[in-house]
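J.: Pasting in a structure now, in structure tokens, and then I'll have a few things to ask.
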Amino acid sequence: MDIDFHKFAAGSGIACAILPLFERTTEPDPLPARLFPWAAEHPGLLDFRGKDNECLLLHDPAGAAGGSPAARLLLWGLGKKDKGSLKSLRDAVAGALKFCRERSFVSVGLPLAALEALRDAGIVADMATAVRESAAAALLGLYRGDLCRGKEDEDEERPADPVSFSFLYDEEEIPLFAAARLGAGEARGVVLARDLANFPANRMTPAMLADEARKVAEKYGFSCRIFDDEQIFSMGMGALYAVGCGSRNGPRFAVLEHCPEGKEEDRPLVVAGKGITFDSGGISLKPSASMHEMKSDMAGAAAVIGLFAALGEAPDCAGLPRIVGLIAAAENMPGGGATRPGDVITALSGNTVEIQNTDAEGRLALCDALTYAQKTFRPSALIDLATLTGACVIALGDYGIGLFTDDGELRAAVLDAAREDGDLVWPMPLWDEYDKNLKSEIADVSNIGPREGGAIHAALFLRRFIEKGTRWAHLDIAGPGWVGKSSPLNPAPGATGAGVRLLCRLLRDTRVLLRA
Ligand code: BES
Ligand code: MN
Ligand code: ZN
């Protein structure tokens with residue numbers, strides 16, 4: 001679906017205009033009748049209350065020939081004004097777009113006047129935010145996670161997405177064009193991240209995941225380098241290699257880079273993602289209940305690739321700092337070549353690791369990515385995203401992202417970015433006292449600590465690979481990477497693209513991250 005702008009005028013040819021409206025207290029909201037005089041006489045208008053998700057579809061009695069900017073008007077309830085938020089707007093736009101798809105409306109319009117009303121009511125800070133979030137919500141609301149339908153699907157009537165979603169303006173405003181493009185670009189990044197994580201593991205192997213990184217690089221002009229299993233081995237990435245050796249689908253390591261001209265010497269922001277395309281647990285095999293969900297154990301890597309897609313779509317890509325994305329991809333399987341509990345491997349850093357539990361594989365894949373990042377790039381900041389621990393889900397629930405960092409500024413920046421539009425990020429401790437729990441009798445470190453505080457022990461394991469002076473943050477997205485319950489912007493069960501928009505928002509305010 002294209003996102004664009006149209007003058008709010010007769011003959012725009014929009015099939016349906018949507019108007020999000022708050023619940024009214026007394027008189028009907030005057031906005032519909034003001035924008036669409038033909039609707040003024042419509043008796044249904046008197047009945048519409050604007051309750052949460054209430055909707056009313058009105059038709060211009062004169063049809064397309066009537067010269068109205070839109071042949072139909074869809075009123076969508078936002079619920080109570082005092083409870084209004086950016087989320088109410090996003091949910092309404094997403095709901096309205098789904099409604100329009102069900103009815104095969106080809107073009108959908110949103111009058112900017114409706115967003116101005118939300119701004120005047122203090123629900124959104126400014127028009128750019130309202131436009132950006134509406135554009136994103138329109139695309140995310142239409143997301144379908146069913147990527148593998150085959151023959152059955154051809155038989156079924158499946159309505160196609162509208163061809164266009166247009167903001168209807170009275171006067172052109174360039175900043176709003178950029179805002180729409182930004183929101184749409186971020187949503188396309190989220191959609192890609194969801195797709196990658198929703199594909200089953202036989203259709204998204206480490207090689208395929210790395211190939212997706214390459215495709216994004218080719219499409220948007222980033223550079224991309226991919227290391228295969230032999231190169232991973234000979235480079236000395238013994239930890240990532242150890243995770244992949246029980247699978248016929250060998251590991252891959254991908255390096256994406258956005259380097260604007262003249263910034264080649266800048267220290268980049270490096271973002272690393274856990275890319276376990278399937279986590280069976282390895283020899284420390286997981287129980288079979290919901291093991292299939294472990295096809296999305298590459299949600300961190302998917303977020304990194306989605307971030308680059310979003311950057312590529314952004315209106316001011318060249319104005320961004322130097323950014324590097326690392327994908328540590330492997331399949332954790334219990335094949336004949338698999339790493340055994342008790343094995344000792346040497347990581348890229350030179351540290352030896354006793355692998356006491358092969359199901360604690362994410363930290364192994366990531367530790368080599370972290371070492372690679374520091375050796376190669378001297379990052380201005382290093383952020384990793386990973387579906388790292390079930391313990392983090394126990395601690396923070398299905399939607400909470402655990403944030404682990406010793407850097408106060410980076411912590412504040414991530415929390416600010418999250419707060420801005422409702423990502424649930426919570427700071428977690430990196431207590432030195434717990435670090436000794438990772439002690440191994442035979443190697444430099446063990447890959448597991450006690451079960452209690454499992455998310456902290458995993459993060460402390462990663463910190464062992466962070467050199468003094470590197471500003472580093474770890475985001476455990478094990479909970480929010482996947483949802484069991486659907487919401488207006490996210491069908492379930494399925495992947496969410498968690499982390500993509502959080503990183504995008506963080507990048508919009510890069511001051512903290514770019515201090516050399
Ligand atoms: N990929 C899992 C963590 C996970 C669990 C992600 C649930 C999403 C939902 C990770 O590799 C894992 O298996 N972690 C173990 C670590 C343990 C063996 C120390 C865990 O959390 O149980
Ligand atoms: Mn695991
Ligand atoms: Zn895992």
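Residues in the structure tokens are named by chain (A, B, ... in the order shown) and by number from 1 within that chain; ligands are numbered from 1 in the order shown.
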Pull the closest atom pair for each residue of chain A that gets at most 6 Å from ligand 2, along with the distance in Å to one decimal, counting only C-alpha atoms and all ligand atoms, ordering rows by chain and then ascending residue number, as JSON lines.
T.:
{"residue": "A:Asp279", "atom": "CA", "partner": "ligand 2", "partner_atom_place_in_ligand_line": "1 (Mn)", "distance": 5.5}
{"residue": "A:Gly281", "atom": "CA", "partner": "ligand 2", "partner_atom_place_in_ligand_line": "1 (Mn)", "distance": 4.8}
{"residue": "A:Asp359", "atom": "CA", "partner": "ligand 2", "partner_atom_place_in_ligand_line": "1 (Mn)", "distance": 3.6}
{"residue": "A:Ala360", "atom": "CA", "partner": "ligand 2", "partner_atom_place_in_ligand_line": "1 (Mn)", "distance": 4.7}
{"residue": "A:Glu361", "atom": "CA", "partner": "ligand 2", "partner_atom_place_in_ligand_line": "1 (Mn)", "distance": 5.2}
J.: Using only C-alpha atoms and all ligand atoms, which residues of the polymer chains come no farther than 10 Å from ligand 1? I'd like the answer as a PyMOL selection string.
T.: chain A and resi 274-282+284-286+290-291+293-299+332+356-364+386-394+398+447-455+457-458+476-482
J.: Between CA of Thr376 (chain A) and CA of Phe222 (chain A), measure the distance and give it in Å to one decimal.
T.: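 Distance reported for this atom pair: 17.5 Å.
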J.: Pick the closest to Gly312 (chain A) from A:Arg471, A:Lys375, A:Arg188, A:Arg72: which is it, counting only C-alpha atoms?
T.: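 Smallest distance to Gly312 (chain A) is found for A:Arg188.
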J.: Which polymer residues have any atom within 12 Å of an atom of Met235 (chain A), counting only C-alpha atoms, with same-chain residues fewer than 2 positions away left out, as a CSV table (one decimal) with N, CA and C atoms, in the first residue's frame?
T.:
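So result.csv came out as:
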chain,number,residue,atom,x,y,z
A,227,PHE,N,30.0,-13.9,6.3
A,227,PHE,CA,30.9,-14.9,6.6
A,227,PHE,C,30.2,-16.3,6.7
A,228,ASP,N,30.7,-17.3,6.0
A,228,ASP,CA,30.1,-18.6,6.1
A,228,ASP,C,30.7,-19.4,7.3
A,229,ASP,N,30.2,-20.7,7.4
A,229,ASP,CA,30.7,-21.5,8.6
A,229,ASP,C,32.2,-21.7,8.6
A,230,GLU,N,32.8,-21.9,7.5
A,230,GLU,CA,34.3,-22.1,7.4
A,230,GLU,C,35.0,-20.8,7.8
A,231,GLN,N,34.5,-19.7,7.3
A,231,GLN,CA,35.1,-18.4,7.7
A,231,GLN,C,34.9,-18.1,9.2
A,232,ILE,N,33.8,-18.4,9.7
A,232,ILE,CA,33.5,-18.2,11.1
A,232,ILE,C,34.5,-19.0,11.9
A,233,PHE,N,34.7,-20.2,11.5
A,233,PHE,CA,35.7,-21.1,12.2
A,233,PHE,C,37.1,-20.5,12.1
A,237,MET,N,35.8,-17.4,15.6
A,237,MET,CA,34.5,-17.3,16.4
A,237,MET,C,34.1,-18.6,16.8
A,238,GLY,N,34.8,-19.2,17.8
A,238,GLY,CA,34.5,-20.5,18.3
A,238,GLY,C,33.2,-20.7,19.0
A,239,ALA,N,32.7,-19.6,19.6
A,239,ALA,CA,31.4,-19.7,20.3
A,239,ALA,C,30.2,-19.7,19.4
A,240,LEU,N,30.2,-18.8,18.4
A,240,LEU,CA,29.1,-18.9,17.4
A,240,LEU,C,29.2,-20.2,16.6
A,241,TYR,N,30.4,-20.6,16.3
A,241,TYR,CA,30.6,-21.9,15.6
A,241,TYR,C,30.0,-23.1,16.4
A,253,PHE,N,27.6,-15.2,9.7
A,253,PHE,CA,27.8,-13.9,10.4
A,253,PHE,C,27.7,-12.8,9.3
A,346,THR,N,36.8,-22.0,22.5
A,346,THR,CA,37.5,-20.7,22.7
A,346,THR,C,36.8,-19.7,21.8
A,347,ALA,N,36.3,-18.6,22.5
A,347,ALA,CA,35.6,-17.6,21.8
A,347,ALA,C,36.6,-16.7,21.1
A,348,LEU,N,36.1,-15.8,20.3
A,348,LEU,CA,36.9,-14.9,19.5
A,348,LEU,C,37.8,-14.0,20.4
A,349,SER,N,37.3,-13.7,21.6
A,349,SER,CA,38.1,-12.9,22.5
A,349,SER,C,39.3,-13.6,23.0
A,350,GLY,N,39.3,-14.9,22.8
A,350,GLY,CA,40.4,-15.7,23.4
A,350,GLY,C,40.0,-16.4,24.7
A,368,ASP,N,30.6,-13.5,20.5
A,368,ASP,CA,31.6,-13.3,19.4
A,368,ASP,C,31.2,-12.1,18.6
A,369,ALA,N,29.9,-11.8,18.4
A,369,ALA,CA,29.5,-10.6,17.7
A,369,ALA,C,30.0,-9.4,18.5
A,371,THR,N,32.6,-9.1,20.5
A,371,THR,CA,34.0,-9.0,20.4
A,371,THR,C,34.4,-8.5,19.0
A,372,TYR,N,33.7,-9.0,18.0
A,372,TYR,CA,34.0,-8.6,16.6
A,372,TYR,C,33.7,-7.1,16.5
J.: Name all residues at most 8 Å from Leu370 (chain A) (count only C-alpha atoms; drop same-chain ones fewer than 2 positions away) and give them as a list in words.
T.: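 My list of contacting residues is Ala272, Leu366, Cys367, Asp368, Tyr372, Ala373, Gln374, Leu382, Phe465 and Ile466 of chain A.
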J.: Please report, as a ChimeraX atom specification, each residue of region 45-261 of chain A to which DSSP assigns strand (DSSP E) when run on this structure's backbone.
T.: /A:55-59,72-77,107-111,164-169,223-227,252-258
J.: Of the candidates A:Leu75, A:Val190, A:Leu403, A:Ala365, which one gets nearest to ligand 3 if we count only C-alpha atoms and all ligand atoms?
T.: A:Ala365
J.: Step one, run DSSP on the backbone; step two, keep only residues of region 106-312 of chain A assigned to helix (DSSP H, G or I); then write them as a VMD selection string.
T.: chain A and resid 112 to 120 127 to 141 151 to 155 174 to 198 201 to 203 206 to 220 229 to 235 238 to 244 291 to 296 299 to 312
J.: Which is closest to Ala128 (chain A) among A:Pro251, A:Gly145, A:Gly63, A:Pro175, if we use only C-alpha atoms?
T.: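 Closest candidate: A:Pro175.
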J.: Quick one: of A:Phe308, A:Tyr169, A:Phe199, A:Phe48, who's nearest to Val500 (chain A), counting only C-alpha atoms?
T.: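 Once distances to Val500 (chain A) are computed over only C-alpha atoms, the minimum belongs to A:Phe308.
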J.: Point out the residue among A:Ala217, A:Ala62, A:Cys100, A:Ala329 with the least atom-to-atom distance to ligand 3, counting only C-alpha atoms and all ligand atoms.
T.: A:Ala329
J.: Which is closest to ligand 3 among A:Ala318, A:Val243, A:Leu115, A:Ala492, if we use only C-alpha atoms and all ligand atoms?
T.: A:Val243
J.: Could you list, as a ChimeraX atom specification, every residue within 10 Å of Asp423 (chain A), counting only C-alpha atoms and ignoring same-chain residues fewer than 3 positions away?
T.: /A:399-401,415-420,426,480,498-499,501-502
J.: Kindly save the residues from that selection, with C-alpha atoms included, as a PDB file, in the first residue's frame.
T.:
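Printed below is again07.pdb as written:
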ATOM      1  CA  TYR A 399       5.610  -7.425  26.903  1.00  0.00           C
ATOM      2  CA  GLY A 400       8.556  -6.166  28.926  1.00  0.00           C
ATOM      3  CA  ILE A 401      11.972  -5.541  27.409  1.00  0.00           C
ATOM      4  CA  LEU A 415      14.216   4.714  28.361  1.00  0.00           C
ATOM      5  CA  ASP A 416      13.290   8.091  26.839  1.00  0.00           C
ATOM      6  CA  ALA A 417      12.893   6.569  23.397  1.00  0.00           C
ATOM      7  CA  ALA A 418      10.707   3.832  24.867  1.00  0.00           C
ATOM      8  CA  ARG A 419       8.544   6.176  26.893  1.00  0.00           C
ATOM      9  CA  GLU A 420       7.840   8.342  23.870  1.00  0.00           C
ATOM     10  CA  TRP A 426      12.591  -1.741  32.235  1.00  0.00           C
ATOM     11  CA  PRO A 480       7.827  -9.046  23.449  1.00  0.00           C
ATOM     12  CA  ALA A 498      10.042  -5.533  18.686  1.00  0.00           C
ATOM     13  CA  GLY A 499      13.065  -3.265  18.824  1.00  0.00           C
ATOM     14  CA  ARG A 501      10.908   1.320  16.193  1.00  0.00           C
ATOM     15  CA  LEU A 502      12.680   1.622  19.542  1.00  0.00           C
TER      16      LEU A 502
END
